[in-house]
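Take a look at the structure below.
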Amino acid sequence: MKHTELTGRNYESVVVNSKELVVIDFWATWCGPCRMMGQTLEDLGDEETTGVKLCKVNVDEEAELADKFSVRVIPTLVFIKDNLIAFRAEGVKTKDQLIALMNKYK
């Protein structure tokens with residue numbers, strides 16, 4: 001699944017104005033579980049993610065965004081629908097869990 005690097009500069013245009021479910025993956029390069037989660041997200045196919053916009057936030061580079069969402073543990077996934085937090089999850093999720101969550105909230 002293709003993703004958008006989310007920053008403080010593009011947050012409004014990518015998230016606030018989105019009509020799709022936005023899934024934000026908060027991660028760091030040094031985090032092993034984050035790399036596992038990232039690979040699982042990349043393995044999702046287009047048919048499984050129709051109507052979903054995946055964004056990634058490197059917490060080391062975008063500390064303000066991590067603070068905005070009170071991210072204290074990585075990986076953290078935040079699901080945003082109509083500019084409201086619909087769901088958040090900490091830790092690694094399986095591909096099946098991700099598909100079920102995306103289908104539930106989109």
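Every chain in the structure tokens takes a letter, A first, then B, and so on in the order presented; its residues are numbered from 1, and the ligands are numbered from 1 following the presented order.
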
Worksheet item: Do you know which residues are at most 9 Å from Asp46 of chain A counting only C-alpha atoms, after dropping those on the same chain fewer than 2 positions away, and could you put them as a PyMOL selection string?
Response: chain A and resi 1-2+44+48-50

Which polymer residues have any atom within 10 Å of an atom of Ala63 of chain A, counting only C-alpha atoms, with same-chain residues fewer than 5 positions away left out, as an mmCIF file with N, CA and C atoms, in the first residue's frame?
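For reference, around.cif as written:
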```
data_model
loop_
_atom_site.group_PDB
_atom_site.id
_atom_site.type_symbol
_atom_site.label_atom_id
_atom_site.label_comp_id
_atom_site.auth_asym_id
_atom_site.auth_seq_id
_atom_site.Cartn_x
_atom_site.Cartn_y
_atom_site.Cartn_z
ATOM 1 N N THR A 7 3.534 15.441 7.652
ATOM 2 C CA THR A 7 4.321 16.429 8.389
ATOM 3 C C THR A 7 3.379 17.504 8.911
ATOM 4 N N GLY A 8 3.908 18.353 9.741
ATOM 5 C CA GLY A 8 3.121 19.480 10.219
ATOM 6 C C GLY A 8 2.685 20.385 9.078
ATOM 7 N N VAL A 57 4.145 8.861 10.085
ATOM 8 C CA VAL A 57 4.776 9.950 10.810
ATOM 9 C C VAL A 57 5.983 9.395 11.557
ATOM 10 N N ASN A 58 7.161 9.874 11.195
ATOM 11 C CA ASN A 58 8.371 9.524 11.914
ATOM 12 C C ASN A 58 8.410 10.399 13.171
ATOM 13 N N LYS A 68 0.674 16.014 19.384
ATOM 14 C CA LYS A 68 -0.723 16.353 19.081
ATOM 15 C C LYS A 68 -1.642 15.152 19.316
ATOM 16 N N VAL A 71 1.119 10.461 21.420
ATOM 17 C CA VAL A 71 1.782 9.189 21.150
ATOM 18 C C VAL A 71 2.904 8.989 22.160
#
```

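Among the candidate residues A:Leu84, A:Ile24, A:Val73, A:Ala89, the one lying nearest to Leu54 of chain A is A:Ile24, with distances computed using only C-alpha atoms.
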
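Closest to Met36 of chain A among A:Ile99, A:Thr4, A:Ile74, A:Asp82 is A:Ile74, based on only C-alpha atoms.
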
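The interatomic distance for the pair atom CA of Cys31 of chain A and atom CA of Glu62 of chain A works out to 15.4 Å.
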
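Shortest separation to Val92 of chain A among A:Asp25, A:Glu61, A:Asp67, A:Asp43 occurs at residue A:Asp25, atoms counted being only C-alpha atoms.
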
Item to complete: Return the single residue from A:Ala66, A:Leu41, A:Arg72, A:Arg9 that is closest to Lys93 of chain A, with distances computed using only C-alpha atoms.
Response: A:Leu41

Worksheet item: What are the DSSP strand (DSSP E or B) residues of chain A, as a VMD selection string?
Response: chain A and resid 3 to 5 21 to 27 52 to 58 76 to 81 84 to 90

Worksheet item: Quick one: DSSP alpha helix (DSSP H) residues in chain A, as a ChimeraX atom specification?
Response: /A:11,32-43,63-68,95-105

N, CA and C atoms of the current selection, written as a JSON list (two decimals), in the first residue's frame:
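Below you can see part_12.json, which holds the result:
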```json
[["chain", "number", "residue", "atom", "x", "y", "z"],
["A", 11, "TYR", "N", -0.27, 18.41, 7.03],
["A", 11, "TYR", "CA", -1.31, 17.78, 7.83],
["A", 11, "TYR", "C", -2.71, 18.21, 7.40],
["A", 32, "GLY", "N", 12.13, -1.76, 16.01],
["A", 32, "GLY", "CA", 11.90, -3.04, 15.32],
["A", 32, "GLY", "C", 10.43, -3.34, 15.09],
["A", 33, "PRO", "N", 9.59, -3.24, 16.12],
["A", 33, "PRO", "CA", 8.16, -3.49, 15.91],
["A", 33, "PRO", "C", 7.54, -2.53, 14.87],
["A", 34, "CYS", "N", 8.07, -1.31, 14.82],
["A", 34, "CYS", "CA", 7.57, -0.34, 13.82],
["A", 34, "CYS", "C", 7.88, -0.82, 12.40],
["A", 35, "ARG", "N", 9.06, -1.37, 12.21],
["A", 35, "ARG", "CA", 9.42, -1.88, 10.89],
["A", 35, "ARG", "C", 8.53, -3.05, 10.51],
["A", 36, "MET", "N", 8.20, -3.91, 11.49],
["A", 36, "MET", "CA", 7.28, -5.03, 11.22],
["A", 36, "MET", "C", 5.90, -4.50, 10.82],
["A", 37, "MET", "N", 5.42, -3.51, 11.56],
["A", 37, "MET", "CA", 4.11, -2.93, 11.27],
["A", 37, "MET", "C", 4.11, -2.26, 9.91],
["A", 38, "GLY", "N", 5.20, -1.55, 9.60],
["A", 38, "GLY", "CA", 5.32, -0.89, 8.30],
["A", 38, "GLY", "C", 5.27, -1.89, 7.16],
["A", 39, "GLN", "N", 5.95, -3.02, 7.32],
["A", 39, "GLN", "CA", 5.94, -4.04, 6.27],
["A", 39, "GLN", "C", 4.54, -4.62, 6.10],
["A", 40, "THR", "N", 3.84, -4.85, 7.20],
["A", 40, "THR", "CA", 2.48, -5.37, 7.13],
["A", 40, "THR", "C", 1.57, -4.39, 6.39],
["A", 41, "LEU", "N", 1.72, -3.10, 6.69],
["A", 41, "LEU", "CA", 0.92, -2.09, 5.99],
["A", 41, "LEU", "C", 1.24, -2.05, 4.50],
["A", 42, "GLU", "N", 2.53, -2.17, 4.16],
["A", 42, "GLU", "CA", 2.93, -2.17, 2.75],
["A", 42, "GLU", "C", 2.42, -3.40, 2.02],
["A", 43, "ASP", "N", 2.23, -4.50, 2.74],
["A", 43, "ASP", "CA", 1.76, -5.74, 2.13],
["A", 43, "ASP", "C", 0.26, -5.71, 1.81],
["A", 63, "ALA", "N", 7.96, 15.52, 16.03],
["A", 63, "ALA", "CA", 7.59, 15.41, 17.44],
["A", 63, "ALA", "C", 6.30, 16.16, 17.75],
["A", 64, "GLU", "N", 6.06, 17.28, 17.07],
["A", 64, "GLU", "CA", 4.83, 18.04, 17.33],
["A", 64, "GLU", "C", 3.58, 17.25, 16.96],
["A", 65, "LEU", "N", 3.64, 16.53, 15.84],
["A", 65, "LEU", "CA", 2.49, 15.69, 15.46],
["A", 65, "LEU", "C", 2.31, 14.54, 16.45],
["A", 66, "ALA", "N", 3.40, 13.95, 16.88],
["A", 66, "ALA", "CA", 3.31, 12.87, 17.87],
["A", 66, "ALA", "C", 2.69, 13.41, 19.17],
["A", 67, "ASP", "N", 3.09, 14.61, 19.58],
["A", 67, "ASP", "CA", 2.50, 15.21, 20.77],
["A", 67, "ASP", "C", 1.03, 15.54, 20.57],
["A", 68, "LYS", "N", 0.67, 16.01, 19.38],
["A", 68, "LYS", "CA", -0.72, 16.35, 19.08],
["A", 68, "LYS", "C", -1.64, 15.15, 19.32],
["A", 95, "LYS", "N", -2.05, -8.48, 9.49],
["A", 95, "LYS", "CA", -2.72, -8.03, 8.27],
["A", 95, "LYS", "C", -4.23, -8.20, 8.39],
["A", 96, "ASP", "N", -4.68, -9.34, 8.90],
["A", 96, "ASP", "CA", -6.12, -9.57, 9.05],
["A", 96, "ASP", "C", -6.75, -8.58, 10.03],
["A", 97, "GLN", "N", -6.05, -8.27, 11.11],
["A", 97, "GLN", "CA", -6.56, -7.30, 12.07],
["A", 97, "GLN", "C", -6.69, -5.92, 11.42],
["A", 98, "LEU", "N", -5.69, -5.53, 10.64],
["A", 98, "LEU", "CA", -5.72, -4.24, 9.96],
["A", 98, "LEU", "C", -6.88, -4.14, 8.97],
["A", 99, "ILE", "N", -7.06, -5.19, 8.19],
["A", 99, "ILE", "CA", -8.15, -5.20, 7.21],
["A", 99, "ILE", "C", -9.50, -5.06, 7.93],
["A", 100, "ALA", "N", -9.68, -5.81, 9.01],
["A", 100, "ALA", "CA", -10.94, -5.74, 9.77],
["A", 100, "ALA", "C", -11.16, -4.35, 10.34],
["A", 101, "LEU", "N", -10.13, -3.74, 10.89],
["A", 101, "LEU", "CA", -10.25, -2.39, 11.45],
["A", 101, "LEU", "C", -10.55, -1.36, 10.38],
["A", 102, "MET", "N", -9.88, -1.43, 9.26],
["A", 102, "MET", "CA", -10.13, -0.48, 8.18],
["A", 102, "MET", "C", -11.56, -0.62, 7.65],
["A", 103, "ASN", "N", -12.01, -1.84, 7.48],
["A", 103, "ASN", "CA", -13.38, -2.07, 7.01],
["A", 103, "ASN", "C", -14.40, -1.55, 8.01],
["A", 104, "LYS", "N", -14.10, -1.66, 9.28],
["A", 104, "LYS", "CA", -15.03, -1.20, 10.31],
["A", 104, "LYS", "C", -15.18, 0.32, 10.31],
["A", 105, "TYR", "N", -14.10, 1.04, 10.06],
["A", 105, "TYR", "CA", -14.13, 2.49, 10.22],
["A", 105, "TYR", "C", -14.22, 3.29, 8.93]]
```
